[in-house]
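Visitor: Quick one: structure below, then a few questions.
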Amino acid sequence: MTSVAIVTGASSGIGAATARRLAAEGFHVLAAARRTDRLAGLVKEIEAAGGTATAVACDVTSDESVAGLATAAQGAPGPVTLLVNNAGGARGLDPVESGAIGDWQWMYDVNVLGTLRVTQALLPALEASGAGTIVIVSSTAGFTVYEGGGGYAAAKHAQTAIAGTLRLELCGRPLRVIEIDPGMVRTDEFGLVRFDGDADKAAATYAGVPEPLVAEDVADCIAWCATRPHHVNVDRLVVRPLAQAAQHKVHRVGQ
């Protein structure tokens, strides 16, 4: 039977690229996100390329919506062997002393509690497959802080804690836990969400950087980790563009 992969946050960016790549690897993909119009287009694109996918409306901040995703997984055309917890994002670049509580709360709910909700809901299906894989897409902000990134780094540190704790708690069961930590990735929406739609601020993040990562680079890493033999657990994969040596050290041409 065809193995099923579930990807959250699949309507754009890394999530959409991951859905395409996993479908190309032979998975039937349940592409989950809030924006069903975008998911419909993604499914058509996957099918046109010879893959199979199903769009599932899902808001990871809602218990009821996540329960609906679990129900959809029960009707999938094969065992659920892969969950990619990709839904997340950042809001604001303010210092801790003036950061908006609402922004911090949104980042925690989407990145951390969203991962918790979806993982709890899909664990039974993943374990029943006999060879389940949980991927948590965190960030280099999950282990390195930077000015203005307090809220995002706090949320990503918490995701890293979930990944490590899960790996300990699931030891001895047919479930592996993989953490993917991208550095600087240029996508269509991440910066726009962070800067409340300000395209100039979003673009400035990548100014002068010769080749930041793109969504397909991260999708490639996710697919590689997820398709290793099941006894091989890639605990953590850190991926940055060549121009980014560290959070605070980025080569920018002409600057």
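Chains: A, B, ... in order of the structure tokens. Residues: from 1 per chain. Ligands: from 1, in order shown.
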Set the distance at 6 Å and use only C-alpha atoms: which residues neighbour Gln159 in chain A once local chain neighbours fewer than 3 positions away are removed? I'd like the list as an MDAnalysis selection string.
Guide: chainID A and resid 112 156 162
Visitor: Gly208 in chain A: which residues within 12 Å, counting only C-alpha atoms, same-chain residues fewer than 6 positions away excluded, as a PyMOL selection string?
Guide: chain A and resi 243-244+250-255
Visitor: Any idea what's packed within 10 Å of Ala204 in chain A, counting only C-alpha atoms, ignoring anything in its chain fewer than 5 positions away? Could you give it as a count of residues only?
Guide: 3
Visitor: Among the residues of range 7-235 of chain A, find those DSSP assigns to helix (DSSP H, G or I) from the backbone and print them as a count of residues only.
Guide: 114
Visitor: Would you kindly return, as a ChimeraX atom specification, each protein, DNA or RNA residue with an atom no farther than 10 Å from any atom of Val218 in chain A, considering only C-alpha atoms and excluding same-chain residues fewer than 4 positions away?
Guide: /A:13-15,17-18,137,180-183,185,213-214,222-224,238-240
Visitor: Kindly export the residues of the current selection with all heavy atoms, as a CSV table (one decimal), in the first residue's frame.
Guide:
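Below is the file that was written, part-v2.csv:
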```
chain,number,residue,atom,x,y,z
A,13,GLY,N,5.5,28.1,0.8
A,13,GLY,CA,6.8,28.0,1.3
A,13,GLY,C,7.3,26.6,1.5
A,13,GLY,O,7.2,25.8,0.6
A,14,ILE,N,8.0,26.4,2.6
A,14,ILE,CA,8.6,25.1,2.8
A,14,ILE,C,7.6,23.9,2.8
A,14,ILE,O,7.8,22.8,2.3
A,14,ILE,CB,9.4,25.1,4.2
A,14,ILE,CG1,10.6,26.0,4.1
A,14,ILE,CG2,9.8,23.7,4.6
A,14,ILE,CD1,11.3,26.3,5.4
A,15,GLY,N,6.4,24.2,3.4
A,15,GLY,CA,5.3,23.2,3.4
A,15,GLY,C,4.9,22.7,2.0
A,15,GLY,O,4.8,21.5,1.7
A,17,ALA,N,6.6,23.1,-0.8
A,17,ALA,CA,7.7,22.4,-1.4
A,17,ALA,C,7.9,21.0,-0.9
A,17,ALA,O,8.2,20.1,-1.7
A,17,ALA,CB,9.0,23.3,-1.2
A,18,THR,N,7.7,20.8,0.4
A,18,THR,CA,7.8,19.5,1.0
A,18,THR,C,6.7,18.6,0.4
A,18,THR,O,7.0,17.4,0.1
A,18,THR,CB,7.8,19.6,2.5
A,18,THR,OG1,8.9,20.4,2.9
A,18,THR,CG2,7.9,18.2,3.1
A,137,VAL,N,9.9,20.8,12.0
A,137,VAL,CA,10.7,21.9,11.3
A,137,VAL,C,10.8,23.0,12.3
A,137,VAL,O,9.9,23.8,12.5
A,137,VAL,CB,10.0,22.3,10.0
A,137,VAL,CG1,10.9,23.4,9.3
A,137,VAL,CG2,9.8,21.1,9.1
A,180,ILE,N,14.6,19.4,11.9
A,180,ILE,CA,15.2,20.1,10.9
A,180,ILE,C,15.3,21.6,11.3
A,180,ILE,O,14.3,22.2,11.6
A,180,ILE,CB,14.4,20.0,9.5
A,180,ILE,CG1,14.1,18.5,9.2
A,180,ILE,CG2,15.1,20.7,8.4
A,180,ILE,CD1,15.3,17.7,8.8
A,181,ASP,N,16.5,22.1,11.3
A,181,ASP,CA,16.8,23.5,11.7
A,181,ASP,C,17.4,24.3,10.6
A,181,ASP,O,18.6,24.4,10.4
A,181,ASP,CB,17.7,23.5,12.9
A,181,ASP,CG,17.1,22.9,14.1
A,181,ASP,OD1,15.9,23.1,14.4
A,181,ASP,OD2,17.9,22.1,14.8
A,182,PRO,N,16.5,25.0,9.8
A,182,PRO,CA,17.1,25.8,8.7
A,182,PRO,C,17.5,27.2,9.3
A,182,PRO,O,17.0,27.7,10.2
A,182,PRO,CB,15.8,26.0,7.8
A,182,PRO,CG,14.8,25.1,8.3
A,182,PRO,CD,15.1,24.9,9.7
A,183,GLY,N,18.5,27.8,8.6
A,183,GLY,CA,18.9,29.1,8.8
A,183,GLY,C,18.1,30.1,8.0
A,183,GLY,O,16.9,30.1,7.9
A,185,VAL,N,16.3,31.3,5.1
A,185,VAL,CA,15.5,30.7,3.9
A,185,VAL,C,14.6,31.8,3.4
A,185,VAL,O,13.8,32.4,4.1
A,185,VAL,CB,14.6,29.6,4.4
A,185,VAL,CG1,14.0,28.9,3.2
A,185,VAL,CG2,15.4,28.5,5.1
A,213,LEU,N,19.0,30.2,1.2
A,213,LEU,CA,18.3,28.9,1.0
A,213,LEU,C,16.9,29.3,0.4
A,213,LEU,O,16.4,30.4,0.7
A,213,LEU,CB,18.1,28.1,2.2
A,213,LEU,CG,19.4,27.6,2.9
A,213,LEU,CD1,19.0,26.9,4.2
A,213,LEU,CD2,20.2,26.7,2.0
A,214,VAL,N,16.3,28.3,-0.3
A,214,VAL,CA,14.9,28.5,-0.8
A,214,VAL,C,14.2,27.3,-0.2
A,214,VAL,O,14.8,26.3,0.3
A,214,VAL,CB,14.8,28.6,-2.3
A,214,VAL,CG1,15.4,29.8,-2.8
A,214,VAL,CG2,15.5,27.3,-3.0
A,222,ILE,N,14.4,17.4,4.2
A,222,ILE,CA,13.3,16.7,4.9
A,222,ILE,C,13.1,15.3,4.2
A,222,ILE,O,13.0,14.3,4.9
A,222,ILE,CB,12.0,17.5,4.9
A,222,ILE,CG1,12.1,18.7,5.8
A,222,ILE,CG2,10.8,16.6,5.3
A,222,ILE,CD1,11.0,19.7,5.6
A,223,ALA,N,13.0,15.4,2.9
A,223,ALA,CA,12.8,14.1,2.2
A,223,ALA,C,14.0,13.1,2.4
A,223,ALA,O,13.8,11.9,2.5
A,223,ALA,CB,12.6,14.4,0.7
A,224,TRP,N,15.2,13.6,2.4
A,224,TRP,CA,16.4,12.8,2.6
A,224,TRP,C,16.3,12.1,3.9
A,224,TRP,O,16.5,10.9,4.0
A,224,TRP,CB,17.7,13.5,2.4
A,224,TRP,CG,18.9,12.7,2.6
A,224,TRP,CD1,19.4,11.9,1.6
A,224,TRP,CD2,19.6,12.5,3.8
A,224,TRP,NE1,20.5,11.2,2.2
A,224,TRP,CE2,20.7,11.6,3.5
A,224,TRP,CE3,19.6,13.0,5.1
A,224,TRP,CZ2,21.6,11.1,4.4
A,224,TRP,CZ3,20.5,12.6,6.0
A,224,TRP,CH2,21.5,11.7,5.7
A,238,VAL,N,21.0,20.6,10.7
A,238,VAL,CA,21.1,22.0,10.6
A,238,VAL,C,21.5,22.4,9.2
A,238,VAL,O,22.5,21.9,8.7
A,238,VAL,CB,22.1,22.6,11.7
A,238,VAL,CG1,22.3,24.1,11.6
A,238,VAL,CG2,21.7,22.2,13.1
A,239,VAL,N,20.8,23.3,8.6
A,239,VAL,CA,21.1,23.7,7.2
A,239,VAL,C,21.1,25.2,7.0
A,239,VAL,O,20.1,25.8,7.4
A,239,VAL,CB,20.2,23.0,6.2
A,239,VAL,CG1,18.7,23.2,6.5
A,239,VAL,CG2,20.5,23.4,4.8
A,240,ARG,N,22.2,25.8,6.6
A,240,ARG,CA,22.3,27.2,6.3
A,240,ARG,C,22.8,27.4,4.9
A,240,ARG,O,23.4,26.6,4.3
A,240,ARG,CB,23.2,27.9,7.3
A,240,ARG,CG,22.8,27.9,8.8
A,240,ARG,CD,23.9,28.7,9.5
A,240,ARG,NE,23.5,28.9,10.9
A,240,ARG,CZ,24.0,28.2,11.9
A,240,ARG,NH1,24.9,27.3,11.7
A,240,ARG,NH2,23.7,28.4,13.2
```
Visitor: Quick one: of A:Glu127, A:Asp235, A:Asp59, A:Glu169, who's nearest to Asn111 in chain A, counting only C-alpha atoms?
Guide: A:Asp59
Visitor: Please provide the set of residues having any atom within 8 Å of Met107 in chain A, restricted to only C-alpha atoms, with same-chain residues fewer than 4 positions apart removed, written as a ChimeraX atom specification.
Guide: /A:88-91,103,111-112,151-152,155
